[in-house]
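Engineer: Structure in structure tokens, see below.
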There are 2 protein chains.
Amino acid sequence: MVDEIRWIARIAPVNDASLGLFDSGVGGLTVVRAVQDLLPGEDVIYLGDTARLPYGSKSPETIRQFAAEDVDFLLGKGVKAIVVACNTATAHALPEFWKNCPVPIMGVIEPGVEAALANPDADRIGIIATRGTIGSHAYQHELATRKRGLMIHGIATPLLVPLIEENWIYEDVTKEILRKYLEPLMAKGIDTLMLACTHYPLLIPLLTEILPPDVRLVDSATTCAEHLKKMLEEKDLLSGKTGEGKLEIYLTDLSEQFEELAKRFLRRPTGKVRRAVLTAG
Amino acid sequence: MVDEIRWIARIAPVNDASLGLFDSGVGGLTVVRAVQDLLPGEDVIYLGDTARLPYGSKSPETIRQFAAEDVDFLLGKGVKAIVVACNTATAHALPEFWKNCPVPIMGVIEPGVEAALANPDADRIGIIATRGTIGSHAYQHELATRKRGLMIHGIATPLLVPLIEENWIYEDVTKEILRKYLEPLMAKGIDTLMLACTHYPLLIPLLTEILPPDVRLVDSATTCAEHLKKMLEEKDLLSGKTGEGKLEIYLTDLSEQFEELAKRFLRRPTGKVRRAVLTAG
């Protein structure tokens, strides 16, 4: 299937095909929302690997294997371009995809770093993310290659995804856990805090309460949509369709809880959510 | 492979074969420890499906599929009996295994319920567990069929596994989260609290601080080992070996964090941990 699609993609850019986005769960729907806002005519296919989430606590090898299966699923749906809407998968698998994926593919890290450095005063940068993303040093590396002399400090915050999935986003204990996690970053005097996980935007209200007002919060969903638009323009892959694009959501595990969460991340109706069956690579 | 093993198992009970235990992660090693203490001569093969953990937040259908693949892996290793050392998998998949598994198989729920009801004064029973276990009503059902007039109150406590895996087992925020979770159980005046997840024994020190001294904590690892011994005796499957049995640990995802956690759950050296590759069912 992959080979067949690869071949088709090489001979004919299919502008009216869908965009494919994937994440380990439903967090990547924050990116889908930004894409729908910026490119309303595009059809979008979203895959959330809810049966195997989270990716962030698992090993690089396993993350790469899962991400490859996610990409194969989207290629099987005939997508014209792919966004790895998952920080952990971007950190560990994107370079490999650049070499082998038959359609243009991008991740969330480059847009995130660009958003952070858009402010020329950004000098002392804190990053919060899953253990997998922090451990990959992908953000740290991307930041360091773009601006000399940055102070970069990354912290793994593995409890935040479970807290968000539990919907404890306004609870005092969540605030306390955030304070505990952020303490070493505050001590370093950061001026920018990067939310390097697609789940974290839901914690912005609480983070705003905790952080000093001069610390800038960077959420990459909007920059990511802008990057995607630029990539599609360059490859001549923008849809010619007018009207509102369709959204198809596939999850590898369906449950009421995930459907509920999906609505919260997308902030609009999800339509019918389907079950995806992936093929082991 | 399954059919072949089924056939061998039917014609010859292989007493010196290994026992197989599995869990979604490394929590089930608390059961392994109890089995090693009670049946020191037995060889044990343990499988932790760390690549897809947690099971507790996923749908019954997905849990059953994963558990079936775990059982197939152990059967492929030629085990003589299986313990589903995972509450969520026991709750959703055990009845199916009773019908189809070629070797004797047991779960953790029956031993847990037996341990809870061993005290004749147990009347008001609280259960804490994953969303999957609570939602299955397996504990509630098993308790209710064994003793009339029980007051049973189950609460899903999905943050506890991530907190334990983060090793925040003595932190104030964990105490606060436990208090928040336990509040409705305290209000109901429970006399017994069942720890219906193999991870939770690591929270016993904190729970002892929080709970009134007259609330009895029930952890099923020891009762589970006793059940296993009884089952092996009945089926004439006890090992004839003397000396210390071997332990082989397989995880579907290997990482330093899981190996570290495994040691904490087992409370002894784990030996070499190997990577398991499961076959999709």
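The chains in the structure tokens are called A, B, ... from first to last as shown; in each chain the residues are counted from 1, and the ligands are counted from 1 in the order shown.
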For a quick test of understanding: name the residues of chain A lying within 8 Å of chain B when counting only C-alpha atoms, and present them as a list in words.
Structural biologist: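 Listing them in order of chain and number gives Thr50, Ala51, Arg52, Leu53, Pro54, Lys58, Ser59, Thr62, Pro158, Leu159, Pro162, Leu163, Glu166, Val173, Glu176, Ile177, Asp253, Leu254, Ser255 and Ala280 of chain A.
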Engineer: What's around A:Ala68 at 10 Å? Count only C-alpha atoms, leave out sequence neighbours fewer than 4 positions away in its own chain, and write the answer as a list in words.
Structural biologist: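 Here the qualifying residues turn out to be Thr62, Ile63, Arg64, Asp72, Phe73, Ala89, Ala93, Leu94, Glu96, Phe97, Cys101, Thr279, Ala280 and Gly281 of chain A.
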Engineer: Would you put the residues from that selection into a file with C-alpha atoms, as an mmCIF file, in the first residue's frame?
Structural biologist:
```cif
data_model
loop_
_atom_site.group_PDB
_atom_site.id
_atom_site.type_symbol
_atom_site.label_atom_id
_atom_site.label_comp_id
_atom_site.auth_asym_id
_atom_site.auth_seq_id
_atom_site.Cartn_x
_atom_site.Cartn_y
_atom_site.Cartn_z
ATOM 1 C CA THR A 62 8.991 1.996 20.245
ATOM 2 C CA ILE A 63 7.945 5.570 19.465
ATOM 3 C CA ARG A 64 9.527 5.297 15.995
ATOM 4 C CA ASP A 72 1.363 4.204 6.932
ATOM 5 C CA PHE A 73 -2.284 4.460 7.989
ATOM 6 C CA ALA A 89 6.945 11.465 17.640
ATOM 7 C CA ALA A 93 10.864 9.936 14.151
ATOM 8 C CA LEU A 94 10.718 13.002 11.895
ATOM 9 C CA GLU A 96 13.597 9.276 9.379
ATOM 10 C CA PHE A 97 10.339 10.310 7.692
ATOM 11 C CA CYS A 101 8.016 9.484 3.334
ATOM 12 C CA THR A 279 -0.887 -2.615 10.547
ATOM 13 C CA ALA A 280 2.226 -3.617 12.456
ATOM 14 C CA GLY A 281 5.267 -2.417 10.517
#
```
Engineer: Going by DSSP on the backbone, which residues of stretch 65-270 of chain A come out as helix (DSSP H, G or I)? List them as a JSON list (two decimals) with N, CA and C atoms, in the first residue's frame.
Structural biologist:
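As a result, part_12.json now contains:
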```json
[["chain", "number", "residue", "atom", "x", "y", "z"],
["A", 65, "GLN", "N", 8.56, 3.08, 15.93],
["A", 65, "GLN", "CA", 7.74, 2.01, 15.33],
["A", 65, "GLN", "C", 6.26, 2.44, 15.25],
["A", 66, "PHE", "N", 5.75, 2.97, 16.37],
["A", 66, "PHE", "CA", 4.34, 3.40, 16.39],
["A", 66, "PHE", "C", 4.11, 4.51, 15.37],
["A", 67, "ALA", "N", 5.02, 5.49, 15.33],
["A", 67, "ALA", "CA", 4.84, 6.63, 14.42],
["A", 67, "ALA", "C", 4.86, 6.16, 12.97],
["A", 68, "ALA", "N", 5.70, 5.17, 12.66],
["A", 68, "ALA", "CA", 5.76, 4.66, 11.28],
["A", 68, "ALA", "C", 4.42, 4.01, 10.91],
["A", 69, "GLU", "N", 3.83, 3.31, 11.86],
["A", 69, "GLU", "CA", 2.52, 2.69, 11.60],
["A", 69, "GLU", "C", 1.43, 3.76, 11.42],
["A", 70, "ASP", "N", 1.55, 4.85, 12.17],
["A", 70, "ASP", "CA", 0.58, 5.95, 12.02],
["A", 70, "ASP", "C", 0.70, 6.57, 10.63],
["A", 71, "VAL", "N", 1.94, 6.80, 10.19],
["A", 71, "VAL", "CA", 2.17, 7.39, 8.86],
["A", 71, "VAL", "C", 1.62, 6.46, 7.78],
["A", 72, "ASP", "N", 1.87, 5.17, 7.92],
["A", 72, "ASP", "CA", 1.36, 4.20, 6.93],
["A", 72, "ASP", "C", -0.16, 4.24, 6.85],
["A", 73, "PHE", "N", -0.82, 4.38, 7.99],
["A", 73, "PHE", "CA", -2.28, 4.46, 7.99],
["A", 73, "PHE", "C", -2.74, 5.67, 7.18],
["A", 74, "LEU", "N", -2.12, 6.82, 7.41],
["A", 74, "LEU", "CA", -2.52, 8.04, 6.70],
["A", 74, "LEU", "C", -2.20, 7.93, 5.21],
["A", 75, "LEU", "N", -1.04, 7.37, 4.88],
["A", 75, "LEU", "CA", -0.71, 7.17, 3.46],
["A", 75, "LEU", "C", -1.74, 6.27, 2.81],
["A", 76, "GLY", "N", -2.18, 5.28, 3.53],
["A", 76, "GLY", "CA", -3.23, 4.37, 3.02],
["A", 76, "GLY", "C", -4.53, 5.10, 2.73],
["A", 87, "ASN", "N", 4.62, 15.96, 19.72],
["A", 87, "ASN", "CA", 6.00, 16.38, 19.96],
["A", 87, "ASN", "C", 6.95, 15.21, 20.12],
["A", 88, "THR", "N", 6.50, 14.18, 20.85],
["A", 88, "THR", "CA", 7.39, 13.04, 21.09],
["A", 88, "THR", "C", 7.72, 12.33, 19.78],
["A", 89, "ALA", "N", 6.71, 12.13, 18.93],
["A", 89, "ALA", "CA", 6.95, 11.47, 17.64],
["A", 89, "ALA", "C", 7.81, 12.34, 16.73],
["A", 90, "THR", "N", 7.56, 13.64, 16.75],
["A", 90, "THR", "CA", 8.40, 14.55, 15.96],
["A", 90, "THR", "C", 9.85, 14.42, 16.41],
["A", 91, "ALA", "N", 10.05, 14.44, 17.73],
["A", 91, "ALA", "CA", 11.41, 14.43, 18.28],
["A", 91, "ALA", "C", 12.17, 13.17, 17.86],
["A", 92, "HIS", "N", 11.48, 12.04, 17.82],
["A", 92, "HIS", "CA", 12.20, 10.79, 17.60],
["A", 92, "HIS", "C", 12.12, 10.25, 16.18],
["A", 93, "ALA", "N", 11.08, 10.62, 15.42],
["A", 93, "ALA", "CA", 10.86, 9.94, 14.15],
["A", 93, "ALA", "C", 10.94, 10.83, 12.92],
["A", 94, "LEU", "N", 10.83, 12.15, 13.09],
["A", 94, "LEU", "CA", 10.72, 13.00, 11.89],
["A", 94, "LEU", "C", 11.90, 12.91, 10.93],
["A", 95, "PRO", "N", 13.15, 12.94, 11.41],
["A", 95, "PRO", "CA", 14.26, 12.86, 10.45],
["A", 95, "PRO", "C", 14.18, 11.62, 9.56],
["A", 96, "GLU", "N", 13.76, 10.51, 10.14],
["A", 96, "GLU", "CA", 13.60, 9.28, 9.38],
["A", 96, "GLU", "C", 12.53, 9.44, 8.29],
["A", 97, "PHE", "N", 11.43, 10.09, 8.66],
["A", 97, "PHE", "CA", 10.34, 10.31, 7.69],
["A", 97, "PHE", "C", 10.79, 11.21, 6.55],
["A", 98, "TRP", "N", 11.62, 12.22, 6.87],
["A", 98, "TRP", "CA", 12.10, 13.11, 5.81],
["A", 98, "TRP", "C", 12.80, 12.30, 4.72],
["A", 99, "LYS", "N", 13.51, 11.26, 5.16],
["A", 99, "LYS", "CA", 14.24, 10.45, 4.19],
["A", 99, "LYS", "C", 13.31, 9.56, 3.37],
["A", 100, "ASN", "N", 12.26, 9.05, 3.99],
["A", 100, "ASN", "CA", 11.49, 7.97, 3.36],
["A", 100, "ASN", "C", 10.05, 8.26, 3.00],
["A", 109, "ILE", "N", 8.03, 20.69, 16.05],
["A", 109, "ILE", "CA", 9.14, 21.29, 16.80],
["A", 109, "ILE", "C", 9.67, 22.56, 16.12],
["A", 110, "GLU", "N", 9.91, 22.48, 14.81],
["A", 110, "GLU", "CA", 10.43, 23.66, 14.10],
["A", 110, "GLU", "C", 9.47, 24.85, 14.26],
["A", 111, "PRO", "N", 8.16, 24.67, 14.02],
["A", 111, "PRO", "CA", 7.25, 25.79, 14.23],
["A", 111, "PRO", "C", 7.28, 26.30, 15.67],
["A", 112, "GLY", "N", 7.41, 25.40, 16.64],
["A", 112, "GLY", "CA", 7.44, 25.81, 18.04],
["A", 112, "GLY", "C", 8.66, 26.67, 18.33],
["A", 113, "VAL", "N", 9.81, 26.23, 17.83],
["A", 113, "VAL", "CA", 11.05, 26.96, 18.06],
["A", 113, "VAL", "C", 10.98, 28.33, 17.38],
["A", 114, "GLU", "N", 10.42, 28.35, 16.18],
["A", 114, "GLU", "CA", 10.28, 29.61, 15.46],
["A", 114, "GLU", "C", 9.38, 30.58, 16.26],
["A", 115, "ALA", "N", 8.30, 30.05, 16.81],
["A", 115, "ALA", "CA", 7.39, 30.88, 17.60],
["A", 115, "ALA", "C", 8.11, 31.44, 18.83],
["A", 116, "ALA", "N", 8.94, 30.61, 19.44],
["A", 116, "ALA", "CA", 9.65, 31.06, 20.64],
["A", 116, "ALA", "C", 10.64, 32.17, 20.31],
["A", 117, "LEU", "N", 11.33, 32.02, 19.17],
["A", 117, "LEU", "CA", 12.38, 32.98, 18.83],
["A", 117, "LEU", "C", 11.85, 34.18, 18.04],
["A", 131, "ARG", "N", 8.69, 13.10, 28.99],
["A", 131, "ARG", "CA", 10.03, 12.57, 29.20],
["A", 131, "ARG", "C", 10.72, 12.27, 27.86],
["A", 132, "GLY", "N", 9.93, 11.71, 26.91],
["A", 132, "GLY", "CA", 10.49, 11.35, 25.60],
["A", 132, "GLY", "C", 10.98, 12.57, 24.84],
["A", 133, "THR", "N", 10.17, 13.64, 24.84],
["A", 133, "THR", "CA", 10.55, 14.84, 24.10],
["A", 133, "THR", "C", 11.77, 15.51, 24.73],
["A", 134, "ILE", "N", 11.75, 15.66, 26.05],
["A", 134, "ILE", "CA", 12.89, 16.29, 26.73],
["A", 134, "ILE", "C", 14.15, 15.46, 26.51],
["A", 135, "GLY", "N", 14.01, 14.14, 26.69],
["A", 135, "GLY", "CA", 15.16, 13.25, 26.57],
["A", 135, "GLY", "C", 15.76, 13.22, 25.17],
["A", 136, "SER", "N", 14.96, 13.55, 24.16],
["A", 136, "SER", "CA", 15.46, 13.54, 22.77],
["A", 136, "SER", "C", 16.37, 14.73, 22.49],
["A", 138, "ALA", "N", 15.62, 17.34, 21.15],
["A", 138, "ALA", "CA", 15.30, 17.89, 19.83],
["A", 138, "ALA", "C", 15.03, 19.39, 19.92],
["A", 139, "TYR", "N", 14.24, 19.82, 20.90],
["A", 139, "TYR", "CA", 13.97, 21.26, 21.06],
["A", 139, "TYR", "C", 15.26, 22.01, 21.41],
["A", 140, "GLN", "N", 15.99, 21.45, 22.36],
["A", 140, "GLN", "CA", 17.22, 22.12, 22.80],
["A", 140, "GLN", "C", 18.16, 22.30, 21.60],
["A", 141, "HIS", "N", 18.26, 21.26, 20.79],
["A", 141, "HIS", "CA", 19.16, 21.29, 19.64],
["A", 141, "HIS", "C", 18.69, 22.32, 18.60],
["A", 142, "GLU", "N", 17.40, 22.29, 18.30],
["A", 142, "GLU", "CA", 16.84, 23.20, 17.29],
["A", 142, "GLU", "C", 16.99, 24.66, 17.75],
["A", 143, "LEU", "N", 16.76, 24.91, 19.03],
["A", 143, "LEU", "CA", 16.92, 26.27, 19.56],
["A", 143, "LEU", "C", 18.39, 26.70, 19.45],
["A", 144, "ALA", "N", 19.27, 25.82, 19.89],
["A", 144, "ALA", "CA", 20.70, 26.17, 19.95],
["A", 144, "ALA", "C", 21.29, 26.43, 18.58],
["A", 145, "THR", "N", 20.77, 25.75, 17.54],
["A", 145, "THR", "CA", 21.34, 25.95, 16.21],
["A", 145, "THR", "C", 20.80, 27.25, 15.58],
["A", 146, "ARG", "N", 19.73, 27.79, 16.14],
["A", 146, "ARG", "CA", 19.14, 28.98, 15.54],
["A", 146, "ARG", "C", 19.59, 30.28, 16.20],
["A", 160, "LEU", "N", 1.48, 15.92, 33.64],
["A", 160, "LEU", "CA", 0.52, 16.89, 33.10],
["A", 160, "LEU", "C", -0.49, 16.25, 32.15],
["A", 161, "VAL", "N", -0.04, 15.33, 31.30],
["A", 161, "VAL", "CA", -1.01, 14.70, 30.38],
["A", 161, "VAL", "C", -2.10, 13.94, 31.16],
["A", 162, "PRO", "N", -1.73, 13.08, 32.13],
["A", 162, "PRO", "CA", -2.79, 12.42, 32.90],
["A", 162, "PRO", "C", -3.72, 13.41, 33.62],
["A", 163, "LEU", "N", -3.18, 14.52, 34.14],
["A", 163, "LEU", "CA", -4.03, 15.50, 34.82],
["A", 163, "LEU", "C", -5.01, 16.14, 33.84],
["A", 164, "ILE", "N", -4.53, 16.43, 32.64],
["A", 164, "ILE", "CA", -5.41, 17.04, 31.64],
["A", 164, "ILE", "C", -6.47, 16.03, 31.20],
["A", 165, "GLU", "N", -6.05, 14.77, 31.01],
["A", 165, "GLU", "CA", -7.01, 13.75, 30.59],
["A", 165, "GLU", "C", -8.03, 13.48, 31.69],
["A", 172, "ASP", "N", -6.64, 22.82, 42.41],
["A", 172, "ASP", "CA", -5.51, 23.31, 43.21],
["A", 172, "ASP", "C", -4.31, 22.36, 43.15],
["A", 173, "VAL", "N", -4.57, 21.04, 43.17],
["A", 173, "VAL", "CA", -3.43, 20.12, 43.14],
["A", 173, "VAL", "C", -2.67, 20.24, 41.82],
["A", 174, "THR", "N", -3.39, 20.50, 40.74],
["A", 174, "THR", "CA", -2.71, 20.68, 39.45],
["A", 174, "THR", "C", -1.82, 21.92, 39.51],
["A", 175, "LYS", "N", -2.37, 22.97, 40.13],
["A", 175, "LYS", "CA", -1.58, 24.19, 40.29],
["A", 175, "LYS", "C", -0.32, 23.89, 41.11],
["A", 176, "GLU", "N", -0.49, 23.09, 42.14],
["A", 176, "GLU", "CA", 0.64, 22.77, 43.00],
["A", 176, "GLU", "C", 1.70, 21.94, 42.26],
["A", 177, "ILE", "N", 1.22, 20.98, 41.46],
["A", 177, "ILE", "CA", 2.14, 20.16, 40.68],
["A", 177, "ILE", "C", 2.88, 21.03, 39.66],
["A", 178, "LEU", "N", 2.15, 21.94, 39.02],
["A", 178, "LEU", "CA", 2.79, 22.85, 38.07],
["A", 178, "LEU", "C", 3.85, 23.68, 38.78],
["A", 179, "ARG", "N", 3.52, 24.20, 39.96],
["A", 179, "ARG", "CA", 4.48, 25.02, 40.72],
["A", 179, "ARG", "C", 5.74, 24.22, 41.01],
["A", 180, "LYS", "N", 5.53, 22.98, 41.42],
["A", 180, "LYS", "CA", 6.67, 22.10, 41.75],
["A", 180, "LYS", "C", 7.54, 21.87, 40.50],
["A", 181, "TYR", "N", 6.88, 21.59, 39.38],
["A", 181, "TYR", "CA", 7.62, 21.36, 38.14],
["A", 181, "TYR", "C", 8.36, 22.63, 37.69],
["A", 182, "LEU", "N", 7.67, 23.80, 37.84],
["A", 182, "LEU", "CA", 8.23, 25.03, 37.27],
["A", 182, "LEU", "C", 9.27, 25.70, 38.15],
["A", 183, "GLU", "N", 9.33, 25.29, 39.40],
["A", 183, "GLU", "CA", 10.23, 25.93, 40.36],
["A", 183, "GLU", "C", 11.68, 26.07, 39.82],
["A", 184, "PRO", "N", 12.29, 24.98, 39.34],
["A", 184, "PRO", "CA", 13.67, 25.14, 38.84],
["A", 184, "PRO", "C", 13.77, 26.07, 37.63],
["A", 185, "LEU", "N", 12.71, 26.15, 36.83],
["A", 185, "LEU", "CA", 12.74, 27.06, 35.67],
["A", 185, "LEU", "C", 12.65, 28.51, 36.15],
["A", 186, "MET", "N", 11.81, 28.74, 37.15],
["A", 186, "MET", "CA", 11.68, 30.09, 37.72],
["A", 186, "MET", "C", 13.02, 30.51, 38.32],
["A", 187, "ALA", "N", 13.66, 29.55, 39.01],
["A", 187, "ALA", "CA", 14.96, 29.86, 39.64],
["A", 187, "ALA", "C", 16.01, 30.26, 38.61],
["A", 200, "TYR", "N", -0.75, 20.55, 26.37],
["A", 200, "TYR", "CA", -0.56, 21.59, 27.37],
["A", 200, "TYR", "C", -1.35, 22.88, 27.18],
["A", 201, "PRO", "N", -1.75, 23.25, 25.94],
["A", 201, "PRO", "CA", -2.52, 24.49, 25.83],
["A", 201, "PRO", "C", -3.73, 24.54, 26.77],
["A", 202, "LEU", "N", -4.27, 23.39, 27.15],
["A", 202, "LEU", "CA", -5.41, 23.39, 28.07],
["A", 202, "LEU", "C", -5.03, 23.88, 29.47],
["A", 203, "LEU", "N", -3.73, 23.95, 29.75],
["A", 203, "LEU", "CA", -3.30, 24.43, 31.06],
["A", 203, "LEU", "C", -2.96, 25.92, 31.07],
["A", 204, "ILE", "N", -3.15, 26.59, 29.93],
["A", 204, "ILE", "CA", -2.76, 28.00, 29.84],
["A", 204, "ILE", "C", -3.42, 28.87, 30.93],
["A", 205, "PRO", "N", -4.73, 28.70, 31.21],
["A", 205, "PRO", "CA", -5.31, 29.53, 32.27],
["A", 205, "PRO", "C", -4.57, 29.39, 33.61],
["A", 206, "LEU", "N", -4.23, 28.16, 33.97],
["A", 206, "LEU", "CA", -3.55, 27.91, 35.24],
["A", 206, "LEU", "C", -2.11, 28.44, 35.19],
["A", 207, "LEU", "N", -1.45, 28.24, 34.06],
["A", 207, "LEU", "CA", -0.06, 28.71, 33.91],
["A", 207, "LEU", "C", 0.01, 30.23, 34.02],
["A", 208, "THR", "N", -0.98, 30.89, 33.44],
["A", 208, "THR", "CA", -1.01, 32.36, 33.49],
["A", 208, "THR", "C", -1.11, 32.84, 34.93],
["A", 209, "GLU", "N", -1.86, 32.10, 35.75],
["A", 209, "GLU", "CA", -1.98, 32.45, 37.17],
["A", 209, "GLU", "C", -0.65, 32.31, 37.90],
["A", 210, "ILE", "N", 0.08, 31.25, 37.55],
["A", 210, "ILE", "CA", 1.29, 30.91, 38.31],
["A", 210, "ILE", "C", 2.51, 31.71, 37.90],
["A", 221, "ALA", "N", 0.63, 25.66, 18.07],
["A", 221, "ALA", "CA", -0.41, 25.23, 17.11],
["A", 221, "ALA", "C", -0.56, 26.21, 15.95],
["A", 222, "THR", "N", -0.63, 27.51, 16.24],
["A", 222, "THR", "CA", -0.84, 28.50, 15.19],
["A", 222, "THR", "C", 0.35, 28.56, 14.23],
["A", 223, "THR", "N", 1.56, 28.63, 14.80],
["A", 223, "THR", "CA", 2.77, 28.65, 13.95],
["A", 223, "THR", "C", 2.84, 27.39, 13.10],
["A", 224, "CYS", "N", 2.39, 26.28, 13.66],
["A", 224, "CYS", "CA", 2.42, 25.02, 12.95],
["A", 224, "CYS", "C", 1.51, 25.09, 11.72],
["A", 225, "ALA", "N", 0.33, 25.67, 11.87],
["A", 225, "ALA", "CA", -0.59, 25.82, 10.73],
["A", 225, "ALA", "C", 0.03, 26.72, 9.67],
["A", 226, "GLU", "N", 0.72, 27.76, 10.12],
["A", 226, "GLU", "CA", 1.36, 28.67, 9.16],
["A", 226, "GLU", "C", 2.47, 27.95, 8.38],
["A", 227, "HIS", "N", 3.24, 27.15, 9.08],
["A", 227, "HIS", "CA", 4.27, 26.36, 8.42],
["A", 227, "HIS", "C", 3.68, 25.42, 7.38],
["A", 228, "LEU", "N", 2.58, 24.80, 7.76],
["A", 228, "LEU", "CA", 1.93, 23.86, 6.85],
["A", 228, "LEU", "C", 1.48, 24.58, 5.59],
["A", 229, "LYS", "N", 0.88, 25.76, 5.77],
["A", 229, "LYS", "CA", 0.40, 26.53, 4.62],
["A", 229, "LYS", "C", 1.57, 26.83, 3.67],
["A", 230, "LYS", "N", 2.68, 27.26, 4.24],
["A", 230, "LYS", "CA", 3.87, 27.59, 3.44],
["A", 230, "LYS", "C", 4.37, 26.34, 2.69],
["A", 231, "MET", "N", 4.38, 25.21, 3.40],
["A", 231, "MET", "CA", 4.85, 23.97, 2.77],
["A", 231, "MET", "C", 3.95, 23.58, 1.60],
["A", 232, "LEU", "N", 2.64, 23.72, 1.80],
["A", 232, "LEU", "CA", 1.68, 23.36, 0.74],
["A", 232, "LEU", "C", 1.83, 24.30, -0.46],
["A", 233, "GLU", "N", 2.04, 25.59, -0.18],
["A", 233, "GLU", "CA", 2.24, 26.56, -1.26],
["A", 233, "GLU", "C", 3.47, 26.20, -2.08],
["A", 234, "GLU", "N", 4.55, 25.94, -1.38],
["A", 234, "GLU", "CA", 5.82, 25.62, -2.05],
["A", 234, "GLU", "C", 5.70, 24.38, -2.93],
["A", 256, "GLU", "N", -15.84, 6.68, 25.39],
["A", 256, "GLU", "CA", -16.60, 7.90, 25.65],
["A", 256, "GLU", "C", -15.65, 9.01, 26.10],
["A", 257, "GLN", "N", -14.70, 8.60, 26.96],
["A", 257, "GLN", "CA", -13.77, 9.57, 27.51],
["A", 257, "GLN", "C", -12.95, 10.26, 26.40],
["A", 258, "PHE", "N", -12.47, 9.47, 25.43],
["A", 258, "PHE", "CA", -11.68, 10.06, 24.34],
["A", 258, "PHE", "C", -12.54, 10.96, 23.47],
["A", 259, "GLU", "N", -13.77, 10.55, 23.23],
["A", 259, "GLU", "CA", -14.63, 11.39, 22.37],
["A", 259, "GLU", "C", -14.91, 12.73, 23.07],
["A", 260, "GLU", "N", -15.10, 12.66, 24.38],
["A", 260, "GLU", "CA", -15.34, 13.85, 25.18],
["A", 260, "GLU", "C", -14.12, 14.78, 25.14],
["A", 261, "LEU", "N", -12.95, 14.18, 25.35],
["A", 261, "LEU", "CA", -11.69, 14.94, 25.31],
["A", 261, "LEU", "C", -11.47, 15.55, 23.92],
["A", 262, "ALA", "N", -11.79, 14.77, 22.88],
["A", 262, "ALA", "CA", -11.58, 15.25, 21.51],
["A", 262, "ALA", "C", -12.35, 16.55, 21.30],
["A", 263, "LYS", "N", -13.58, 16.59, 21.80],
["A", 263, "LYS", "CA", -14.39, 17.81, 21.67],
["A", 263, "LYS", "C", -13.73, 18.99, 22.37],
["A", 264, "ARG", "N", -13.15, 18.70, 23.55],
["A", 264, "ARG", "CA", -12.52, 19.79, 24.30],
["A", 264, "ARG", "C", -11.28, 20.33, 23.59],
["A", 265, "PHE", "N", -10.52, 19.44, 22.96],
["A", 265, "PHE", "CA", -9.32, 19.89, 22.26],
["A", 265, "PHE", "C", -9.66, 20.61, 20.96],
["A", 266, "LEU", "N", -10.69, 20.12, 20.28],
["A", 266, "LEU", "CA", -11.05, 20.70, 18.98],
["A", 266, "LEU", "C", -11.90, 21.96, 19.16]]
```
Engineer: What lies within 6 Å of stretch 193-198 of chain A using only C-alpha atoms, ignoring chain neighbours under 2 positions off, as a PDB file with C-alpha atoms, in the first residue's frame?
Structural biologist:
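out-v2.pdb, written as the output of this step:
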```pdb
ATOM      1  CA  GLY A  27      -3.930  16.535  21.877  1.00  0.00           C
ATOM      2  CA  GLY A  28      -3.034  17.012  18.211  1.00  0.00           C
ATOM      3  CA  ASN A  87       5.997  16.381  19.963  1.00  0.00           C
ATOM      4  CA  GLY A 126      12.252  26.960  29.533  1.00  0.00           C
ATOM      5  CA  ILE A 127      10.675  23.899  27.909  1.00  0.00           C
ATOM      6  CA  ILE A 128       8.091  21.608  29.489  1.00  0.00           C
ATOM      7  CA  ALA A 129       7.277  18.341  27.706  1.00  0.00           C
ATOM      8  CA  TYR A 200      -0.557  21.585  27.367  1.00  0.00           C
ATOM      9  CA  LEU A 217       4.045  31.354  26.970  1.00  0.00           C
ATOM     10  CA  VAL A 218       4.663  29.749  23.575  1.00  0.00           C
ATOM     11  CA  ASP A 219       2.108  27.360  22.121  1.00  0.00           C
TER      12      ASP A 219
END
```
Engineer: Which one is closest to A:Gly189: A:Val26, A:Val84, A:Ala34, A:Met151? Count only C-alpha atoms.
Structural biologist: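 Closest to A:Gly189 of all the choices is A:Met151.
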Engineer: At what distance in Å, to one decimal, does atom CA of B:Arg216 lie from atom CA of B:Gly48?
Structural biologist: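 Straight-line distance from atom CA of B:Gly48 to atom CA of B:Arg216 works out to 29.3 Å.
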Engineer: Which residues in stretch 44-133 of chain A does DSSP call strand (DSSP E or B)? List them as a list of chain:residue names.
Structural biologist: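 Those in stretch 44-133 of chain A that DSSP calls strand (DSSP E or B) are A:Val44, A:Ile45, A:Tyr46, A:Leu47, A:Gly48, A:Ala81, A:Ile82, A:Val83, A:Val84, A:Ile105, A:Met106, A:Arg124, A:Ile125, A:Gly126, A:Ile127, A:Ile128, A:Ala129.
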Engineer: Between atom CA of A:Asn15 and atom CA of A:Arg275, what is the spacing in Å?
Structural biologist: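 Atom-to-atom, atom CA of A:Arg275 to atom CA of A:Asn15, that is 26.1 Å.
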